[in-house]
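Working notes, structure below.
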Amino acid sequence: MRVLLDTAMVLLVFTNLRLLGLSRINASIRTVAAQGVLLGLVALASHAGAWNARILLIAAVGIAIKGVAFPLLLFRALRAAKIRREVEPFLGYIPSVLAGVAAFLLSLGIAARLPLPGRPPSDLIVPTALTTMLVGLLVIVSRKKALSQALGYLVFENGIYVFGVGVAYEAPALVEMGVLLDVFVAVFVMGIIVFHIAREFDSIDTTRLATLKE
Amino acid sequence: MLSALVLIPAATAVLCFFTRSASLRRALLLGAAACHAGISLATWFRQPGDAWNGALRLDAIGQPFLSVLSALFLVAAVYAVGYLRRESPGVREDFLEGFRFTNAPEAVFTGCLLFFLSTMTLVILSENLGLLWIAIEATTLSSAPLIYFHRHHRSLEATWKYLMICSVGIGLALLGNFFLAVAATSATGGSVPLSIHALCERAATLHTPWLKAAFILLLVGYGTKMGLAPLHTWLPDAHSEAPSVVSALLSGALLNCAFVGILRVFQICVAAGLGPYAQGFFVWFGLLSIGLAAAFLLAQRDYKRLLAYSSVEHMGILALGLGLGGTAAFGALLHAVNHSFAKAMLFLLAGNILAAYHTKSVSEVRGVLRRIPVTGVLWIAGLLAITGSPPFGTFVSELLILRGALEQGRFWIAAMYLGLLTVIFIGMAATMTRMAQGFPPQTAGASEPREGSMAIVPPLALGLVVLLLGIYLPPPLDAVLHRAALALGAR
Amino acid sequence: MNASGLPALAASVLLAPLFLGVINRTKAAFAGRVGQPLFQVYFDLAKLIRKGAVYSRTTTWVFLLSPLVSLAATLVALLLLPQGGFPAALAFPGDFLLLIFVLATARFLSVIAALDVGSSFEGMGASREAAFSALAEPVLLLCLAVAAREAGRDSLTGIIGSVTGADWQRAGPALVLVAASLFAVLLAENARIPVDDPNTHLELTMIHEVMILDHGGPDLALLLYGSALKLWVMAALLAGFLLPGRTGSLVLDGLVFLAGMFTLAVAIGVVESTIARLRLHRVPQFLVGAGAFAVMALALIMR
């Protein structure tokens with residue numbers, strides 16, 4: 001199971017880097033959906049041998065929301081907004097990928113300074129979680145489309161989720177409730193706002209959201 | 001008793017969503033606000049017991065903030081009723097760019113306002129860090145529709161920024177909670193309740209590196225919501241685009257709630273002996289916020305943004321006071337109370353000015369004292385209050401923070417603090433007195449209705465509270481603030 | 001010099017064109033065609049060798065030298081590789097640097113030969129080849145460094161074939177990353193899809209094929225054979241890295257190795273059939289991605 005979990009972690013990092021290198025938004029949505037499914041598997045694999053209703057529920061809800069519901073919602077927004085690709089992000093694709101690698105190295109460094117108590121199911125959980133969060137933040141700040149930013153936020157959330165299900169294994173269910181609530185924000189509120197932006201501006205380009213500044 | 005504080009507004013909010021009659025909705029709003037205020041007043045006389053299996057608890061830190069919230073909301077509810085009467089439904093014209101837009105349905109506005117109250121109460125009462133986090137997240141959710149009340153592109157932009165930045169912040173705070181859980185796991189090996197009380201009790205056994213990392217994440221996360229520079233960027237936009245009554249609640253109550261979140265984490269750090277470590281961060285975040293706010297205040301052309309940056313400044317003062325500790329920590333808590341009332345008063349007055357002049361631009365507002373005299377006088381009084389001039393309460397609290405710095409011999413910090421406050425005073429006074437004096441332009445809105453009592457009484461009441469706090473600090477409040485400062489490591 | 005590796009050398013020299021044949025048959029099968037015979041590359045080589053060559057007046061001795069030296073350099077690379085249970089003919093500390101060096105030499109000569117022709121098309125191909133290999137080479141170096149670090153050895157003989165099942169248990173993710181990275185380099189260095197298309201007929205999109213447009217007859221045969229051999233070398237590197245353990249029996253190891261090689265050939269065919277070719281400006285991104293994998297693997301192993 002350890003190898004499986006390690007592999008899932010590396011795959012997660014791979015989806016992150018892929019997202020950074022993609023320009024087509026529907027491919028990006030699919031990548032994030034794949035990441036969502038992976039997360040459900042991570043939840044299962046990190047509790048291998050100790051599955052109970054809670055873990056199964058968390059995994060199932062994780063896959064359903066992050067792997068299915070949110071991507072579908074975004075595809076709908078995509079059709080409404082009639083856009084295909086992210087044009088000219090603030091940070092180009094190759095620098096983005098390099099920044100993603102740098103984020104991974106940084107995360108490894110941080111994780112080395114924060115040793116986990118007990119025996120974690122995988123040594124890669126903390127670095128992967130941090131990398132995913134950093135990549136999410138990078139996407140939020142470097143992409144222009146509101147949809148891409150919402151995707152970035154979801155990736156950021158995924159990073160927290162990885163940490164939550166992988167490390168805080170003893171924490172009360174409340175914390176995991178929090179993760180799901182966060183997804184609720186992403187799905188409903190952000191989805192709705194993206195719709196509003198699309199309707200109001202006939203595009204979901206946040207560079208048009210630049211009236212308010214100093 | 002405590003669960004009633006949370007549930008009454010929430011239940012009323014649900015009712016509001018399904019009520020067709022506007023007057024009934026407004027009555028519900030006022031009723032819920034009055035109930036809430038009544039119960040919080042009662043807590044001063046009879047210490048309420050825990051609720052929800054100990055997840056809700058009113059302690060010395062929560063008590064003053066709860067009362068401020070109740071009082072502010074009651075006042076804001078009165079003002080909101082007047083505001084909603086003015087804002088007739090239907091298509092309206094934007095005064096800035098001339099396009100046409102509609103408002104969100106009033107039921108949504110009233111309902112979200114009450115949900116906002118319910119979630120903020122939950123933040124203050126939470127005894128569990130997980131619940132606290134959920135509550136702070138819920139404040140973001142319930143306030144986003146309030147900021148997007150006027151359905152046009154500027155408010156949409158403000159809402160998007162608010163959601164995006166605060167959600168990222170809240171996500172970091174969630175990670176901080178996880179880190180805290182890990183820090184506690186290493187100590188006990190067993191299941192970890194994220195109860196503040198329990199964490200404080202066994203703080204010495206917490207794993208220090210994880211606790212430090214958790215503190216930084218929670219500070220950044222909740223600090224985003226609190227508007228500490230450089231994470232404050234959502235704040236001026238949201239405050240300037242939201243209806244004035246919402247701005248008043250955002251500044252006066254919501255920022256305090258985020259501050260309470262930070263206080264809870266700080267409480268645990270102090271118990272774990274990491275007080276000085278945490279205080280270093282507070283001092284720098286504080287000075288940075290004050291400095292940055294000063295820079296943006298000086299040449300501000302929009303008076304609602306002016307007030308918003310002033311909020312950033314005051315949040316910086318709170319952080320600085322907390323960072324200095326001792327007398328200054330007490331001063332910071334008192335200042336939180338003072339600032340809430342003073343800032344809410346100014347935002348409500350800004351709403352009056354906006355209604356009379358139809359512009360947010362400083363240069364187009366002249367002669368407030370002549371056109372709407374009561375608002376004008378209160379505006380000047382508010383200026384004195386917010387800049388910490390005697391005899392207002394803010395003067396006392398800012399002085400206490402200065403004394404804290406001097407007592408510890410941190411003269412450079414004291415000098416920077418004083419210097420920046422002076423710059424801010426000059427900047428705000430120049431702008432705000434220019435608005436108050438002179439002659440109003442003849443053309444704009446000559447047929448506007450005069451200022452009604454619903455628009456005057458609320459800010460007046462708030463102003464009187466700040467004045468009172470400057471002259472006489474009620475002993476119960478003094479005692480509670482002292483106990484809170486003790487919990488935060490002041491001796 | 002270790003003579004016991006000679007059977008493996010002989011087999012490589014003989015089987016390299018067959019490797020190409022397997023790839024082509026796989027691609028044909030995917031396209032629903034019968035495809036060319038498995039041994040078509042051998043027929044092509046035989047035909048080309050019998051033909052004469054025509055040389056442009058603008059070319060110099062560089063043009064004549066290039067096919068010979070490229071092939072020779074690739075053969076040197078082959079000497080450095082242990083294959084199956086057979087040891088490498090040459091082994092010394094740091095020999096993987098020499099491997100990279102000789103491969104670079106081969107490429108250098110084909111690039112200057114292309115420039116020697118004086119045709120703008122070939123110049124364009126040469127510039128692309130140089131640019132992309134400049135990106136691919138550090139990735140290859142990084143991959144070999146990771147493998148060396150993982151094996152704790154500094155010679156290809158130690159590095160290849162030292163990865164055991166236990167290593168996969170322990171450092172599986174890092175090894176997968178290295179393998180993926182090596183595979184990407186293999187595709188890029190050998191002008192395969194998605195970087196280049198060996199079957200393209202549009203000069204504007206060609207990279208490797210455009211460089212050898214002016215070669216004919218025996219020269220072209222040498223080049224064709226040289227590139228088949230280079231593909232074999234890279235594939236042997238990857239297969240040797242991926243296949244865990246040794247049984248001890250030379251025959252069995254050799255057969256396992258050959259099976260691995262031809263599985264790899266099929267895999268390349270599948271990749272070429274299922275993936276679209278990248279637009280030229282996306283190629284650096286592909287190679288940077290491969291480099292990112294290698295860096296991550298290095299970080300994981302050094303941890």
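Identifiers for the structure tokens are assigned positionally: chains receive A, B, ... in sequence, residues are indexed from 1 per chain, and ligands are indexed from 1 in the order shown.
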Contact check, segment 94-138 of chain A to segment 209-215 of chain B, at most 12 Å, counting only C-alpha atoms, closest pairs as a Markdown table:
| residue | atom | partner | partner_atom | distance |
| --- | --- | --- | --- | --- |
| A:Ile110 | CA | B:Ala213 | CA | 10.1 |
| A:Ala111 | CA | B:Trp210 | CA | 10.7 |
| A:Ala112 | CA | B:Pro209 | CA | 11.5 |
| A:Arg113 | CA | B:Pro209 | CA | 8.2 |
| A:Leu114 | CA | B:Pro209 | CA | 6.6 |
| A:Pro115 | CA | B:Trp210 | CA | 8.7 |
| A:Leu116 | CA | B:Trp210 | CA | 8.9 |
| A:Pro117 | CA | B:Trp210 | CA | 10.0 |
Based on only C-alpha atoms, which of the residues in chain B come within 9 Å of chain A? I want them as an mmCIF file with C-alpha atoms, in the first residue's frame.
data_model
loop_
_atom_site.group_PDB
_atom_site.id
_atom_site.type_symbol
_atom_site.label_atom_id
_atom_site.label_comp_id
_atom_site.auth_asym_id
_atom_site.auth_seq_id
_atom_site.Cartn_x
_atom_site.Cartn_y
_atom_site.Cartn_z
ATOM 1 C CA GLY B 130 -12.724 23.609 14.031
ATOM 2 C CA LEU B 131 -16.046 25.252 14.721
ATOM 3 C CA TRP B 133 -12.949 27.938 11.322
ATOM 4 C CA ILE B 134 -16.306 26.850 9.940
ATOM 5 C CA GLU B 137 -15.800 30.543 6.499
ATOM 6 C CA LEU B 141 -20.277 33.030 2.446
ATOM 7 C CA ALA B 144 -20.543 37.853 -0.251
ATOM 8 C CA HIS B 152 -23.267 45.715 -11.475
ATOM 9 C CA HIS B 153 -19.742 45.047 -12.590
ATOM 10 C CA ARG B 154 -17.921 47.009 -9.921
ATOM 11 C CA LEU B 156 -19.120 41.920 -8.889
ATOM 12 C CA GLU B 157 -15.416 42.638 -9.121
ATOM 13 C CA ALA B 158 -15.291 43.462 -5.427
ATOM 14 C CA THR B 159 -17.184 40.280 -4.583
ATOM 15 C CA TRP B 160 -14.905 38.124 -6.724
ATOM 16 C CA LEU B 163 -14.257 35.587 -2.230
ATOM 17 C CA MET B 164 -11.019 34.613 -3.896
ATOM 18 C CA SER B 167 -11.161 31.789 0.533
ATOM 19 C CA VAL B 168 -7.451 31.337 -0.002
ATOM 20 C CA ILE B 170 -9.408 30.577 4.989
ATOM 21 C CA GLY B 171 -7.807 27.622 3.233
ATOM 22 C CA LEU B 172 -4.455 28.494 4.781
ATOM 23 C CA LEU B 174 -7.603 25.271 7.618
ATOM 24 C CA LEU B 175 -4.128 23.949 6.964
ATOM 25 C CA ASN B 177 -5.748 23.840 12.021
ATOM 26 C CA PHE B 178 -4.447 20.591 10.590
ATOM 27 C CA PHE B 179 -0.946 21.506 11.664
ATOM 28 C CA ALA B 181 -3.915 18.833 15.182
ATOM 29 C CA VAL B 182 -0.585 17.273 14.211
ATOM 30 C CA ALA B 183 1.193 19.265 16.915
ATOM 31 C CA THR B 185 -1.130 14.350 18.088
ATOM 32 C CA SER B 186 2.542 14.008 18.772
ATOM 33 C CA ALA B 187 1.897 14.858 22.381
ATOM 34 C CA GLY B 189 -0.944 10.006 20.320
ATOM 35 C CA GLY B 190 -4.679 9.791 20.670
ATOM 36 C CA SER B 191 -7.650 11.590 19.273
ATOM 37 C CA VAL B 192 -7.322 15.346 19.346
ATOM 38 C CA PRO B 193 -10.149 17.658 20.224
ATOM 39 C CA LEU B 194 -9.337 21.072 18.854
ATOM 40 C CA HIS B 207 5.071 19.794 19.319
ATOM 41 C CA PRO B 209 7.822 23.236 15.176
ATOM 42 C CA TRP B 210 4.340 22.226 14.080
ATOM 43 C CA ALA B 213 4.013 26.588 11.529
ATOM 44 C CA PRO B 236 -10.949 48.645 0.145
ATOM 45 C CA ASP B 237 -12.828 47.221 -2.846
ATOM 46 C CA PHE B 296 -2.887 55.036 0.659
ATOM 47 C CA GLN B 300 -7.329 58.996 -1.433
#
Residues near Val141 of chain A, cut-off 10 Å, only C-alpha atoms, skip fewer than 5 positions along chain, as a PyMOL selection string: chain A and resi 89-91+135-136+148-149+152
Coordinates-based distance that separates atom CA of Pro458 of chain B from atom CA of Ala33 of chain B (Å, one decimal): 13.5 Å
What lies within 12 Å of segment 65-68 of chain C using only C-alpha atoms, ignoring chain neighbours under 4 positions off, as a PDB file with N, CA and C atoms, in the first residue's frame?
ATOM      1  N   THR C  59      29.235  21.031 -51.311  1.00  0.00           N
ATOM      2  CA  THR C  59      29.633  20.293 -50.114  1.00  0.00           C
ATOM      3  C   THR C  59      31.134  20.107 -50.058  1.00  0.00           C
ATOM      4  N   THR C  60      31.625  19.849 -48.831  1.00  0.00           N
ATOM      5  CA  THR C  60      33.055  19.635 -48.630  1.00  0.00           C
ATOM      6  C   THR C  60      33.264  18.279 -47.980  1.00  0.00           C
ATOM      7  N   TRP C  61      34.469  18.038 -47.516  1.00  0.00           N
ATOM      8  CA  TRP C  61      34.775  16.759 -46.872  1.00  0.00           C
ATOM      9  C   TRP C  61      33.949  16.534 -45.610  1.00  0.00           C
ATOM     10  N   ALA C  72      30.375   5.686 -36.145  1.00  0.00           N
ATOM     11  CA  ALA C  72      31.463   5.231 -35.276  1.00  0.00           C
ATOM     12  C   ALA C  72      31.199   5.657 -33.838  1.00  0.00           C
ATOM     13  N   ALA C  73      30.774   6.914 -33.664  1.00  0.00           N
ATOM     14  CA  ALA C  73      30.525   7.415 -32.314  1.00  0.00           C
ATOM     15  C   ALA C  73      29.424   6.595 -31.650  1.00  0.00           C
ATOM     16  N   THR C  74      28.383   6.275 -32.422  1.00  0.00           N
ATOM     17  CA  THR C  74      27.286   5.500 -31.843  1.00  0.00           C
ATOM     18  C   THR C  74      27.760   4.111 -31.443  1.00  0.00           C
ATOM     19  N   LEU C  75      28.668   3.556 -32.246  1.00  0.00           N
ATOM     20  CA  LEU C  75      29.206   2.238 -31.899  1.00  0.00           C
ATOM     21  C   LEU C  75      29.998   2.297 -30.599  1.00  0.00           C
ATOM     22  N   THR C 105      28.622  13.980 -30.005  1.00  0.00           N
ATOM     23  CA  THR C 105      29.525  14.070 -31.153  1.00  0.00           C
ATOM     24  C   THR C 105      28.815  13.658 -32.433  1.00  0.00           C
ATOM     25  N   ALA C 106      28.091  12.545 -32.358  1.00  0.00           N
ATOM     26  CA  ALA C 106      27.350  12.075 -33.523  1.00  0.00           C
ATOM     27  C   ALA C 106      26.397  13.154 -34.009  1.00  0.00           C
ATOM     28  N   ARG C 107      25.714  13.773 -33.058  1.00  0.00           N
ATOM     29  CA  ARG C 107      24.753  14.798 -33.446  1.00  0.00           C
ATOM     30  C   ARG C 107      25.467  16.026 -34.024  1.00  0.00           C
ATOM     31  N   PHE C 108      26.594  16.360 -33.407  1.00  0.00           N
ATOM     32  CA  PHE C 108      27.336  17.526 -33.888  1.00  0.00           C
ATOM     33  C   PHE C 108      27.700  17.342 -35.352  1.00  0.00           C
ATOM     34  N   LEU C 109      28.159  16.140 -35.685  1.00  0.00           N
ATOM     35  CA  LEU C 109      28.574  15.913 -37.064  1.00  0.00           C
ATOM     36  C   LEU C 109      27.405  15.960 -38.015  1.00  0.00           C
ATOM     37  N   SER C 110      26.268  15.405 -37.612  1.00  0.00           N
ATOM     38  CA  SER C 110      25.147  15.473 -38.556  1.00  0.00           C
ATOM     39  C   SER C 110      24.682  16.919 -38.709  1.00  0.00           C
ATOM     40  N   VAL C 111      24.795  17.698 -37.638  1.00  0.00           N
ATOM     41  CA  VAL C 111      24.389  19.104 -37.749  1.00  0.00           C
ATOM     42  C   VAL C 111      25.314  19.863 -38.689  1.00  0.00           C
ATOM     43  N   ILE C 112      26.634  19.691 -38.537  1.00  0.00           N
ATOM     44  CA  ILE C 112      27.501  20.482 -39.419  1.00  0.00           C
ATOM     45  C   ILE C 112      27.439  19.966 -40.853  1.00  0.00           C
ATOM     46  N   ALA C 113      27.168  18.674 -41.022  1.00  0.00           N
ATOM     47  CA  ALA C 113      26.995  18.170 -42.388  1.00  0.00           C
ATOM     48  C   ALA C 113      25.791  18.823 -43.030  1.00  0.00           C
ATOM     49  N   ALA C 114      24.711  18.977 -42.237  1.00  0.00           N
ATOM     50  CA  ALA C 114      23.508  19.611 -42.775  1.00  0.00           C
ATOM     51  C   ALA C 114      23.805  21.054 -43.147  1.00  0.00           C
ATOM     52  N   LEU C 115      24.607  21.732 -42.314  1.00  0.00           N
ATOM     53  CA  LEU C 115      24.954  23.118 -42.624  1.00  0.00           C
ATOM     54  C   LEU C 115      25.846  23.191 -43.847  1.00  0.00           C
ATOM     55  N   ASP C 116      26.662  22.157 -44.019  1.00  0.00           N
ATOM     56  CA  ASP C 116      27.631  22.120 -45.108  1.00  0.00           C
ATOM     57  C   ASP C 116      26.937  22.122 -46.463  1.00  0.00           C
ATOM     58  N   VAL C 117      25.737  21.584 -46.489  1.00  0.00           N
ATOM     59  CA  VAL C 117      24.992  21.511 -47.741  1.00  0.00           C
ATOM     60  C   VAL C 117      24.674  22.911 -48.257  1.00  0.00           C
ATOM     61  N   MET C 211      17.430  17.156 -42.190  1.00  0.00           N
ATOM     62  CA  MET C 211      18.885  17.323 -42.180  1.00  0.00           C
ATOM     63  C   MET C 211      19.577  16.360 -43.136  1.00  0.00           C
ATOM     64  N   ILE C 212      18.919  15.235 -43.421  1.00  0.00           N
ATOM     65  CA  ILE C 212      19.612  14.225 -44.220  1.00  0.00           C
ATOM     66  C   ILE C 212      19.046  14.152 -45.630  1.00  0.00           C
ATOM     67  N   HIS C 215      21.568  13.571 -48.416  1.00  0.00           N
ATOM     68  CA  HIS C 215      22.392  12.362 -48.424  1.00  0.00           C
ATOM     69  C   HIS C 215      21.732  11.296 -49.284  1.00  0.00           C
ATOM     70  N   GLY C 216      22.563  10.496 -49.952  1.00  0.00           N
ATOM     71  CA  GLY C 216      22.004   9.438 -50.775  1.00  0.00           C
ATOM     72  C   GLY C 216      22.914   8.217 -50.775  1.00  0.00           C
ATOM     73  N   GLY C 217      22.409   7.101 -51.266  1.00  0.00           N
ATOM     74  CA  GLY C 217      23.218   5.898 -51.418  1.00  0.00           C
ATOM     75  C   GLY C 217      23.832   5.417 -50.128  1.00  0.00           C
ATOM     76  N   PRO C 218      25.107   5.017 -50.170  1.00  0.00           N
ATOM     77  CA  PRO C 218      25.766   4.448 -48.984  1.00  0.00           C
ATOM     78  C   PRO C 218      25.770   5.421 -47.812  1.00  0.00           C
ATOM     79  N   ASP C 219      25.906   6.733 -48.110  1.00  0.00           N
ATOM     80  CA  ASP C 219      25.886   7.715 -47.015  1.00  0.00           C
ATOM     81  C   ASP C 219      24.570   7.623 -46.254  1.00  0.00           C
ATOM     82  N   LEU C 220      23.485   7.608 -47.013  1.00  0.00           N
ATOM     83  CA  LEU C 220      22.170   7.535 -46.382  1.00  0.00           C
ATOM     84  C   LEU C 220      22.025   6.224 -45.616  1.00  0.00           C
ATOM     85  N   ALA C 221      22.577   5.154 -46.187  1.00  0.00           N
ATOM     86  CA  ALA C 221      22.506   3.870 -45.487  1.00  0.00           C
ATOM     87  C   ALA C 221      23.210   3.964 -44.143  1.00  0.00           C
ATOM     88  N   LEU C 222      24.399   4.588 -44.149  1.00  0.00           N
ATOM     89  CA  LEU C 222      25.137   4.736 -42.887  1.00  0.00           C
ATOM     90  C   LEU C 222      24.326   5.537 -41.880  1.00  0.00           C
ATOM     91  N   LEU C 223      23.703   6.615 -42.369  1.00  0.00           N
ATOM     92  CA  LEU C 223      22.924   7.469 -41.473  1.00  0.00           C
ATOM     93  C   LEU C 223      21.727   6.715 -40.915  1.00  0.00           C
ATOM     94  N   LEU C 224      21.047   5.986 -41.807  1.00  0.00           N
ATOM     95  CA  LEU C 224      19.865   5.238 -41.398  1.00  0.00           C
ATOM     96  C   LEU C 224      20.238   4.207 -40.353  1.00  0.00           C
ATOM     97  N   TYR C 225      21.336   3.494 -40.650  1.00  0.00           N
ATOM     98  CA  TYR C 225      21.788   2.465 -39.730  1.00  0.00           C
ATOM     99  C   TYR C 225      22.243   3.103 -38.411  1.00  0.00           C
ATOM    100  N   GLY C 226      22.917   4.226 -38.526  1.00  0.00           N
ATOM    101  CA  GLY C 226      23.396   4.927 -37.324  1.00  0.00           C
ATOM    102  C   GLY C 226      22.226   5.326 -36.440  1.00  0.00           C
ATOM    103  N   SER C 227      21.150   5.818 -37.058  1.00  0.00           N
ATOM    104  CA  SER C 227      20.052   6.259 -36.203  1.00  0.00           C
ATOM    105  C   SER C 227      19.322   5.064 -35.590  1.00  0.00           C
TER     106      SER C 227
END
Considering only C-alpha atoms, give me a table of residues in chain C that are at most 10 Å from chain A, with the closest atom pair and distance in Å for each, as a Markdown table.
| residue | atom | partner | partner_atom | distance |
| --- | --- | --- | --- | --- |
| C:Trp168 | CA | A:Val3 | CA | 8.3 |
| C:Gln169 | CA | A:Val3 | CA | 6.1 |
| C:Arg170 | CA | A:Val3 | CA | 7.5 |
| C:Ala171 | CA | A:Val3 | CA | 8.3 |
| C:Gly172 | CA | A:Val3 | CA | 6.6 |
| C:Pro173 | CA | A:Thr7 | CA | 5.3 |
| C:Ala174 | CA | A:Val10 | CA | 8.2 |
| C:Val176 | CA | A:Thr7 | CA | 8.5 |
| C:Leu177 | CA | A:Val10 | CA | 8.2 |
| C:Arg282 | CA | A:Ile94 | CA | 9.2 |
| C:Pro284 | CA | A:Ile94 | CA | 8.0 |
| C:Gln285 | CA | A:Ile94 | CA | 5.7 |
| C:Phe286 | CA | A:Gly21 | CA | 9.0 |
| C:Leu287 | CA | A:Ile94 | CA | 9.8 |
| C:Val288 | CA | A:Ile94 | CA | 7.0 |
| C:Gly289 | CA | A:Val97 | CA | 7.0 |
| C:Gly291 | CA | A:Leu98 | CA | 9.2 |
| C:Ala292 | CA | A:Val101 | CA | 6.0 |
| C:Phe293 | CA | A:Val101 | CA | 8.3 |
| C:Val295 | CA | A:Val101 | CA | 7.6 |
| C:Met296 | CA | A:Val101 | CA | 7.0 |
| C:Ala297 | CA | A:Val10 | CA | 9.6 |
| C:Leu298 | CA | A:Leu105 | CA | 10.0 |
| C:Ala299 | CA | A:Leu105 | CA | 6.8 |
| C:Leu300 | CA | A:Leu108 | CA | 8.1 |
| C:Arg303 | CA | A:Leu108 | CA | 7.7 |
Atom CA of Leu20 of chain A to atom CA of Ser96 of chain A, straight-line distance in Å: 5.7 Å
For Ala414 of chain B: contacts at 12 Å, only C-alpha atoms, fewer than 6 positions along chain excluded, given as a ChimeraX atom specification: /B:283,287,317,320-321,324,328,398-408,420-421
Distance of atom CA of Arg305 of chain B from atom CA of Val81 of chain B, expressed in Å to one decimal place: 24.0 Å
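Counting only C-alpha atoms, segment 337-341 of chain B has the following residues at most 9 Å away, ignoring those fewer than 6 positions along the same chain: Pro64, Phe65, Val68, Leu69, Ala71, Leu72, Ala248, Leu249, Ser251, Gly252, Ala253, Leu255, Asn256, Ser311, His314, Ala385, Ile386, Phe392, Gly393, Thr394, Ser397, Pro459, Leu462, Gly463, Val465, Val466, Leu469 and Gly470 of chain B.
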What does the file look like for those residues with N, CA and C atoms, as a compact mmCIF listing (two decimals), in the first residue's frame?
# COMPACT_ATOMS: atom_id res chain seq x y z
N PRO B 64 -16.64 41.10 25.40
CA PRO B 64 -16.72 42.45 24.83
C PRO B 64 -17.05 42.43 23.34
N PHE B 65 -16.49 41.46 22.62
CA PHE B 65 -16.75 41.42 21.18
C PHE B 65 -18.20 41.09 20.88
N VAL B 68 -20.21 44.26 21.42
CA VAL B 68 -19.99 45.19 20.31
C VAL B 68 -20.80 44.75 19.10
N LEU B 69 -20.74 43.46 18.82
CA LEU B 69 -21.47 42.94 17.66
C LEU B 69 -22.96 43.20 17.79
N ALA B 71 -24.58 45.39 19.64
CA ALA B 71 -24.93 46.82 19.60
C ALA B 71 -24.84 47.33 18.18
N LEU B 72 -23.75 46.97 17.50
CA LEU B 72 -23.57 47.44 16.13
C LEU B 72 -24.68 46.95 15.24
N ALA B 248 -20.31 49.15 7.16
CA ALA B 248 -20.20 49.39 8.59
C ALA B 248 -20.07 48.08 9.34
N LEU B 249 -20.87 47.08 8.94
CA LEU B 249 -20.78 45.79 9.64
C LEU B 249 -19.48 45.08 9.32
N SER B 251 -16.58 46.41 8.60
CA SER B 251 -15.47 47.04 9.31
C SER B 251 -15.62 46.90 10.81
N GLY B 252 -16.83 47.13 11.30
CA GLY B 252 -17.01 47.18 12.74
C GLY B 252 -17.09 45.81 13.38
N ALA B 253 -17.65 44.84 12.66
CA ALA B 253 -17.90 43.55 13.30
C ALA B 253 -17.08 42.43 12.70
N LEU B 255 -14.23 42.35 10.89
CA LEU B 255 -12.79 42.40 11.13
C LEU B 255 -12.49 41.98 12.56
N ASN B 256 -13.36 42.39 13.49
CA ASN B 256 -13.20 41.96 14.88
C ASN B 256 -13.27 40.46 15.01
N SER B 311 -9.53 51.39 8.22
CA SER B 311 -9.73 50.12 8.92
C SER B 311 -8.46 49.29 8.91
N HIS B 314 -6.30 50.61 11.55
CA HIS B 314 -6.67 50.26 12.92
C HIS B 314 -6.45 48.79 13.21
N ALA B 385 -12.92 61.13 16.29
CA ALA B 385 -12.95 59.85 17.00
C ALA B 385 -12.01 58.85 16.34
N ILE B 386 -12.04 58.77 15.01
CA ILE B 386 -11.30 57.71 14.34
C ILE B 386 -9.80 58.00 14.37
N PHE B 392 -12.39 61.30 22.85
CA PHE B 392 -13.01 60.03 22.45
C PHE B 392 -12.25 58.82 23.00
N GLY B 393 -12.95 57.69 23.02
CA GLY B 393 -12.38 56.47 23.59
C GLY B 393 -11.13 56.01 22.86
N THR B 394 -11.10 56.27 21.55
CA THR B 394 -9.94 55.83 20.78
C THR B 394 -8.66 56.50 21.28
N SER B 397 -7.39 54.42 24.16
CA SER B 397 -6.81 53.12 23.81
C SER B 397 -5.51 53.29 23.04
N PRO B 459 -25.94 56.63 13.64
CA PRO B 459 -24.57 57.11 13.83
C PRO B 459 -24.42 57.96 15.08
N LEU B 462 -23.87 55.68 17.97
CA LEU B 462 -22.52 55.11 17.96
C LEU B 462 -21.50 56.13 18.43
N GLY B 463 -21.67 57.38 17.95
CA GLY B 463 -20.74 58.44 18.34
C GLY B 463 -20.78 58.67 19.84
N VAL B 465 -21.48 56.51 22.11
CA VAL B 465 -20.80 55.40 22.80
C VAL B 465 -19.29 55.64 22.82
N VAL B 466 -18.73 56.02 21.66
CA VAL B 466 -17.27 56.25 21.63
C VAL B 466 -16.89 57.36 22.58
N LEU B 469 -17.03 56.10 26.15
CA LEU B 469 -15.90 55.23 26.48
C LEU B 469 -14.64 56.05 26.74
N GLY B 470 -14.58 57.23 26.15
CA GLY B 470 -13.42 58.07 26.37
C GLY B 470 -13.46 58.75 27.73
Contacts of segment 422-437 of chain B within 7 Å, only C-alpha atoms, excl. fewer than 5 positions in-chain, as an MDAnalysis selection string: chainID B and resid 294 297:298 362 365:369 376 380 383 387
